[in-house]
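I have placed the structure first, in the form of structure tokens, so that the comments after it can refer back to it.
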Amino acid sequence: MTPRLCRVRKGKKNMTIFSLFSFAGGLGLFLFGMHVLGEAIRRQAGGRMKRVLEKLVSNRLMGVLVGAGVTAVIQSSGATTVMLLGFINSGIMSLRDSIGPIFGANIGTTATAWLLALNDISGDSLVLRLLNPDSFVPVLAFIGAVLLVFCKRDTARDVGTMLLGFSVLMFGMDSMSGAMAPLSQSESFKRILTVLDNPILGILAGFAVAAVLQSSSASVGIVQAAAVTGVITAANALPIIMGVNIGAGLIVLVAGAGTNRDAQRASWVYMLHNTIAALVGLVPLLILEGAGFDGLYTPVNAFDIALLHTCYKALSTVIQLPFVPQILWLTGRIVRSAPEDQKFAMLDDNFLKTPAVAVARCIELTNEMAEATRRSIREAISVVRSYDAALVKDVRSLEDRIDVYEDKIGGFLVKLSGQKLSYSDSREVTRLLHSINDFERISDHARNVVHSGAELQEKELRFSEVGQRELEVLLKALEEVVDLAVDAFLNEDTATALRIEPLEQHVDELRSDLRSRHIDRLKRGECGMVESFVYTDILTDLERVSDHCSNIGLSILELRRSEYAPHSYEAQLRAADSHYNQLYGEYLAKYKLP
């Protein structure tokens with residue numbers, strides 16, 4: 001007879017302190033295995049799941065099916081719902097369109113219970129023996145260890161991690177079941193279950209367990225492990241399942257606490273869906289108990305609990321789907337206030353668990369930062385052309401905002417880079433980290449430029465007519481190089497990025513020529529010393545802006561290569577690229593000093 005995994009069912013029939021140790025160890029393995037399995041799946045499938053969910057629009061039934069499928073794959077309704085909160089918070093999905101996937105996520109989370117139910121398969125036929133985890137889990141554990149230890153590719157290592165996570169999960173489940181087996185003879189345990197026949201107490205017990213474990217799947221798994229005693233009945237299991245699903249919603253409420261109004265309402269949809277399901281489910285349960293229905297008191301096994309869990313979730317979804325408008329109205333009553341959306345709410349450590357959503361939010365915020373930077377430099381240039389106090393104030397305000405962008409996004413990206421990311425997500429994090437500092441420095445120089453403009457106004461200084469005409473050439477060239485850098489960043493457009501470096505080179509040369517011409521005018525007494533200092537400061541700031549635009553363009557181009565080495569790549573561009581020389585010639589003719 002094949003030995004059971006970590007089986008402790010043989011031996012003493014009485015519950016001892018060692019049984020408690022075994023149960024605690026099994027629970028630890030179970031939770032660890034579930035965590036490892038879920039994280040590995042999310043790393044490999046998270047980006048694809050994100051793209052699938054993004055395509056959902058108004059077909060609610062399809063949303064239920066896709067939400068169930070995504071959750072069945074990533075093993076966590078909470079993770080799916082947090083992903084949806086990210087979409088809502090960033091404007092990718094509306095609150096109404098998220099209802100179907102949220103309902104579906106509640107169904108999909110029951111898939112774990114069916115995997116755990118495999119432990120109950122028994123029989124002498126070859127097929128049944130192969131389906132029993134005792135037969136295949138050790139093999140999966142071995143394959144997983146080989147892939148994890150000997151393979152270098154991230155995909156293979158993640159597959160190995162999945163197999164090991166699943167194996168540890170099943171070992172933990174079996175250990176818990178073995179530790180609980182002696183309870184079948186315990187009168188105290190039977191008395192506790194008799195108390196839990198009261199649906200209200202059962203719901204409270206399930207709520208407490210799920211609130212502590214923060215996982216409905218893990219909590220139901222404990223009930224399945226307890227079913228080995230043979231004294232768990234539907235009257236015990238159903239209320240606990242109801243409470244478990246309510247308790248699992250707490251982590252979703254926490255995740256939604258810092259998001260915008262609609263995302264907060266979506267988190268309450270998750271909680272209300274499970275709370276309403278429990279309230280509705282109580283009615284027939286109490287009726288059947290009052291009628292003395294014997295089926296409620298028949299012992300159930302792990303398969304029965306998985307079936308009860310799935311049927312309960314599916315029926316609650318079917319019942320509630322027609323009442324979505326009422327549920328939305330209720331969430332509106334709960335989340336009444338309409339505060340201004342908190343831009344950085346999604347840059348919370350809770351979202352590090354869903355890198356695809358976190359990266360998407362960082363991209364969105366950095367794009368906003370890039371547009372704010374473009375606006376700040378354009379307004380600064382306008383101040384140099386014609387002083388405007390309102391623009392000076394706005395540029396200074398933009399610089400403060402952009403500083404906040406850099407601080408918030410940069411800090412979160414550093415944390416995110418420490419996570420296990422897919423190749424595409426890792427590439428995006430690198431691109432963003434390279435660019436946010438350059439955008440912030442451009443805004444700093446824009447502020448310096450308006451400070452120079454304000455100084456001219458306060459001291460009633462004017463540049464010479466010739467100096468202003470020459471400066472205008474540089475201002476126009478700078479406007480274009482900033483537009484190229486921002487557009488290349490927003491669209492990840494290498495063709496646009498290739499145009500930045502030749503224009504930046506010409507801007508450097510223009511700055512040198514303007515400085516030399518200005519010094520000649522100063523020697524001839526055509527301009528004063530004070531405005532000369534201001535003029536030189538403006539030239540320096542404009543040239544530095546161009547340098548940072550060059551950094552942004554080169555980082556986009558270099559990310560197409562295996563390593564980030566912008567200076568060596570810049571040298572290659574200038575020395576060997578005929579296209580570069582052609583573009584440089586065009587800019588030389590376009591921005592020519594009078």
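Ligands are numbered from 1 in the order shown, residues from 1 within each chain, and chains are lettered A, B, ... in the order they appear in the structure tokens.
By chain and then residue number, the residues within 8 Å of Ile556 in chain A are Arg431, Ala488, Phe489, Glu492, Asp493, Thr494, Ala497, Ile552, Gly553, Leu554, Glu558, Leu559 and Arg560 of chain A, counting only C-alpha atoms and disregarding those fewer than 2 positions away in sequence.
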Could you please take those selected residues and save N, CA and C atoms as a tab-separated table (two decimals), in the first residue's frame?
chain	number	residue	atom	x	y	z
A	431	ARG	N	13.25	51.83	-17.74
A	431	ARG	CA	12.99	53.01	-18.57
A	431	ARG	C	12.50	54.18	-17.72
A	488	ALA	N	8.91	61.04	-27.73
A	488	ALA	CA	9.61	59.75	-27.81
A	488	ALA	C	9.37	58.93	-26.55
A	489	PHE	N	9.36	59.59	-25.40
A	489	PHE	CA	9.12	58.88	-24.14
A	489	PHE	C	7.70	58.36	-24.06
A	492	GLU	N	7.38	55.60	-26.67
A	492	GLU	CA	8.51	54.67	-26.82
A	492	GLU	C	8.91	54.56	-28.28
A	493	ASP	N	9.04	55.72	-28.90
A	493	ASP	CA	9.26	55.80	-30.35
A	493	ASP	C	10.74	56.01	-30.64
A	494	THR	N	11.38	54.98	-31.17
A	494	THR	CA	12.81	55.07	-31.44
A	494	THR	C	13.11	56.02	-32.62
A	497	ALA	N	13.18	59.32	-31.13
A	497	ALA	CA	14.35	59.41	-30.25
A	497	ALA	C	15.63	59.64	-31.04
A	552	ILE	N	17.16	61.33	-22.14
A	552	ILE	CA	15.89	60.62	-22.31
A	552	ILE	C	15.87	59.86	-23.63
A	553	GLY	N	16.31	60.53	-24.71
A	553	GLY	CA	16.33	59.87	-26.01
A	553	GLY	C	17.28	58.70	-26.06
A	554	LEU	N	18.47	58.87	-25.50
A	554	LEU	CA	19.45	57.80	-25.53
A	554	LEU	C	19.01	56.60	-24.69
A	558	GLU	N	18.83	52.91	-26.07
A	558	GLU	CA	19.73	51.92	-25.49
A	558	GLU	C	18.98	50.76	-24.87
A	559	LEU	N	17.74	50.96	-24.46
A	559	LEU	CA	16.96	49.86	-23.89
A	559	LEU	C	16.64	48.79	-24.92
A	560	ARG	N	16.86	49.13	-26.19
A	560	ARG	CA	16.70	48.12	-27.25
A	560	ARG	C	17.91	47.19	-27.29
Test item: residues at most 7 Å from range 437-454 of chain A, only C-alpha atoms, excluding those fewer than 3 positions along its chain, as a JSON list (two decimals) with C-alpha atoms, in the first residue's frame:
[["chain", "number", "residue", "atom", "x", "y", "z"],
["A", 370, "ALA", "CA", 6.49, 64.26, -18.79],
["A", 373, "THR", "CA", 7.62, 69.05, -17.77],
["A", 376, "SER", "CA", 6.85, 74.05, -17.64],
["A", 377, "ILE", "CA", 9.63, 74.58, -20.19],
["A", 380, "ALA", "CA", 9.43, 79.38, -19.10],
["A", 383, "VAL", "CA", 8.44, 84.32, -19.92],
["A", 384, "VAL", "CA", 11.82, 84.96, -21.59],
["A", 387, "TYR", "CA", 7.26, 88.57, -19.01],
["A", 392, "VAL", "CA", 6.10, 82.58, -13.51],
["A", 395, "VAL", "CA", 6.11, 77.26, -13.62],
["A", 396, "ARG", "CA", 7.11, 77.39, -9.96],
["A", 399, "GLU", "CA", 8.24, 72.44, -10.47],
["A", 402, "ILE", "CA", 7.15, 67.49, -10.56],
["A", 403, "ASP", "CA", 9.38, 67.14, -7.49],
["A", 406, "GLU", "CA", 9.89, 62.15, -8.81],
["A", 434, "HIS", "CA", 16.20, 56.48, -16.15],
["A", 457, "GLN", "CA", 11.45, 92.51, -14.99],
["A", 458, "GLU", "CA", 12.25, 93.61, -11.44],
["A", 534, "VAL", "CA", 21.23, 86.99, -16.69],
["A", 538, "ILE", "CA", 19.57, 81.59, -19.39],
["A", 541, "ASP", "CA", 19.91, 76.55, -18.26],
["A", 545, "VAL", "CA", 17.64, 71.20, -20.61],
["A", 548, "HIS", "CA", 18.57, 66.03, -20.24],
["A", 552, "ILE", "CA", 15.89, 60.62, -22.31]]
Do a neighbour search on Val530 in chain A at 10 Å with only C-alpha atoms, toss out local chain neighbours closer than 4 positions, and write the hits as a PyMOL selection string.
chain A and resi 455-456+459+461+534-535
For range 465-469 of chain A, list every protein, DNA or RNA residue within 12 Å, evaluated using only C-alpha atoms, and leave out those in the same chain fewer than 3 positions away; present the list as number ranges by chain.
A: 384-386, 462, 472-476, 513-522, 526-527, 531-532, 535-536, 538-539, 591-594
I need the chosen residues saved as a short mmCIF file (atom, residue, chain, number, x, y, z; two decimals), in the first residue's frame, with N, CA and C atoms.
data_model
loop_
_atom_site.label_atom_id
_atom_site.label_comp_id
_atom_site.auth_asym_id
_atom_site.auth_seq_id
_atom_site.Cartn_x
_atom_site.Cartn_y
_atom_site.Cartn_z
N VAL A 384 10.61 84.31 -21.04
CA VAL A 384 11.82 84.96 -21.59
C VAL A 384 11.42 85.87 -22.75
N ARG A 385 10.46 85.45 -23.54
CA ARG A 385 10.04 86.27 -24.68
C ARG A 385 9.26 87.51 -24.23
N SER A 386 8.35 87.28 -23.28
CA SER A 386 7.52 88.38 -22.79
C SER A 386 7.09 88.05 -21.37
N ARG A 462 16.76 94.95 -20.18
CA ARG A 462 16.37 94.45 -21.50
C ARG A 462 17.61 93.98 -22.24
N GLU A 472 16.19 83.96 -29.71
CA GLU A 472 14.96 83.36 -30.23
C GLU A 472 15.25 82.09 -31.03
N VAL A 473 16.36 82.07 -31.76
CA VAL A 473 16.73 80.87 -32.52
C VAL A 473 16.95 79.70 -31.58
N LEU A 474 17.67 79.96 -30.50
CA LEU A 474 17.92 78.90 -29.52
C LEU A 474 16.63 78.45 -28.85
N LEU A 475 15.74 79.40 -28.54
CA LEU A 475 14.47 79.05 -27.88
C LEU A 475 13.62 78.14 -28.76
N LYS A 476 13.57 78.42 -30.04
CA LYS A 476 12.78 77.59 -30.95
C LYS A 476 13.39 76.18 -31.06
N ASP A 513 27.95 79.68 -29.55
CA ASP A 513 28.02 80.83 -30.47
C ASP A 513 27.35 82.06 -29.85
N LEU A 514 26.19 81.85 -29.21
CA LEU A 514 25.48 82.97 -28.59
C LEU A 514 26.31 83.58 -27.47
N ARG A 515 26.96 82.74 -26.70
CA ARG A 515 27.79 83.26 -25.60
C ARG A 515 28.95 84.08 -26.14
N SER A 516 29.59 83.57 -27.20
CA SER A 516 30.72 84.30 -27.79
C SER A 516 30.28 85.64 -28.36
N ARG A 517 29.14 85.66 -29.07
CA ARG A 517 28.63 86.90 -29.65
C ARG A 517 28.25 87.90 -28.55
N HIS A 518 27.68 87.37 -27.46
CA HIS A 518 27.28 88.26 -26.38
C HIS A 518 28.50 88.90 -25.71
N ILE A 519 29.55 88.12 -25.55
CA ILE A 519 30.79 88.66 -24.96
C ILE A 519 31.35 89.77 -25.84
N ASP A 520 31.26 89.57 -27.16
CA ASP A 520 31.74 90.62 -28.08
C ASP A 520 30.91 91.89 -27.92
N ARG A 521 29.58 91.74 -27.77
CA ARG A 521 28.74 92.94 -27.58
C ARG A 521 29.06 93.61 -26.25
N LEU A 522 29.34 92.79 -25.23
CA LEU A 522 29.69 93.35 -23.92
C LEU A 522 30.98 94.16 -24.02
N GLU A 526 27.67 97.36 -25.89
CA GLU A 526 26.31 97.34 -26.42
C GLU A 526 25.31 96.77 -25.43
N CYS A 527 25.78 96.20 -24.33
CA CYS A 527 24.89 95.70 -23.27
C CYS A 527 25.60 95.85 -21.93
N GLU A 531 22.62 92.57 -17.09
CA GLU A 531 21.85 91.74 -18.02
C GLU A 531 22.72 90.68 -18.67
N SER A 532 24.04 90.95 -18.73
CA SER A 532 24.96 89.95 -19.29
C SER A 532 24.97 88.68 -18.43
N TYR A 535 21.70 86.88 -19.07
CA TYR A 535 21.72 86.27 -20.40
C TYR A 535 22.51 84.95 -20.37
N THR A 536 23.67 84.99 -19.72
CA THR A 536 24.53 83.79 -19.64
C THR A 536 23.85 82.69 -18.83
N ILE A 538 20.64 82.19 -18.55
CA ILE A 538 19.57 81.59 -19.39
C ILE A 538 20.17 80.63 -20.40
N LEU A 539 21.25 81.02 -21.04
CA LEU A 539 21.90 80.12 -22.01
C LEU A 539 22.32 78.81 -21.36
N TYR A 591 17.88 75.99 -37.88
CA TYR A 591 18.12 76.92 -36.78
C TYR A 591 19.46 77.60 -36.99
N LYS A 592 19.43 78.62 -37.80
CA LYS A 592 20.64 79.33 -38.20
C LYS A 592 20.61 80.73 -37.61
N LEU A 593 21.71 81.13 -37.02
CA LEU A 593 21.77 82.46 -36.40
C LEU A 593 21.77 83.55 -37.47
N PRO A 594 21.07 84.65 -37.18
CA PRO A 594 21.03 85.75 -38.16
C PRO A 594 22.40 86.42 -38.31
#
For a test of reading the model, state the distance in Å between CA of Gly585 in chain A and CA of Glu480 in chain A, rounded to one decimal.
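Spanning CA of Gly585 in chain A to CA of Glu480 in chain A is a straight-line distance of 15.6 Å.
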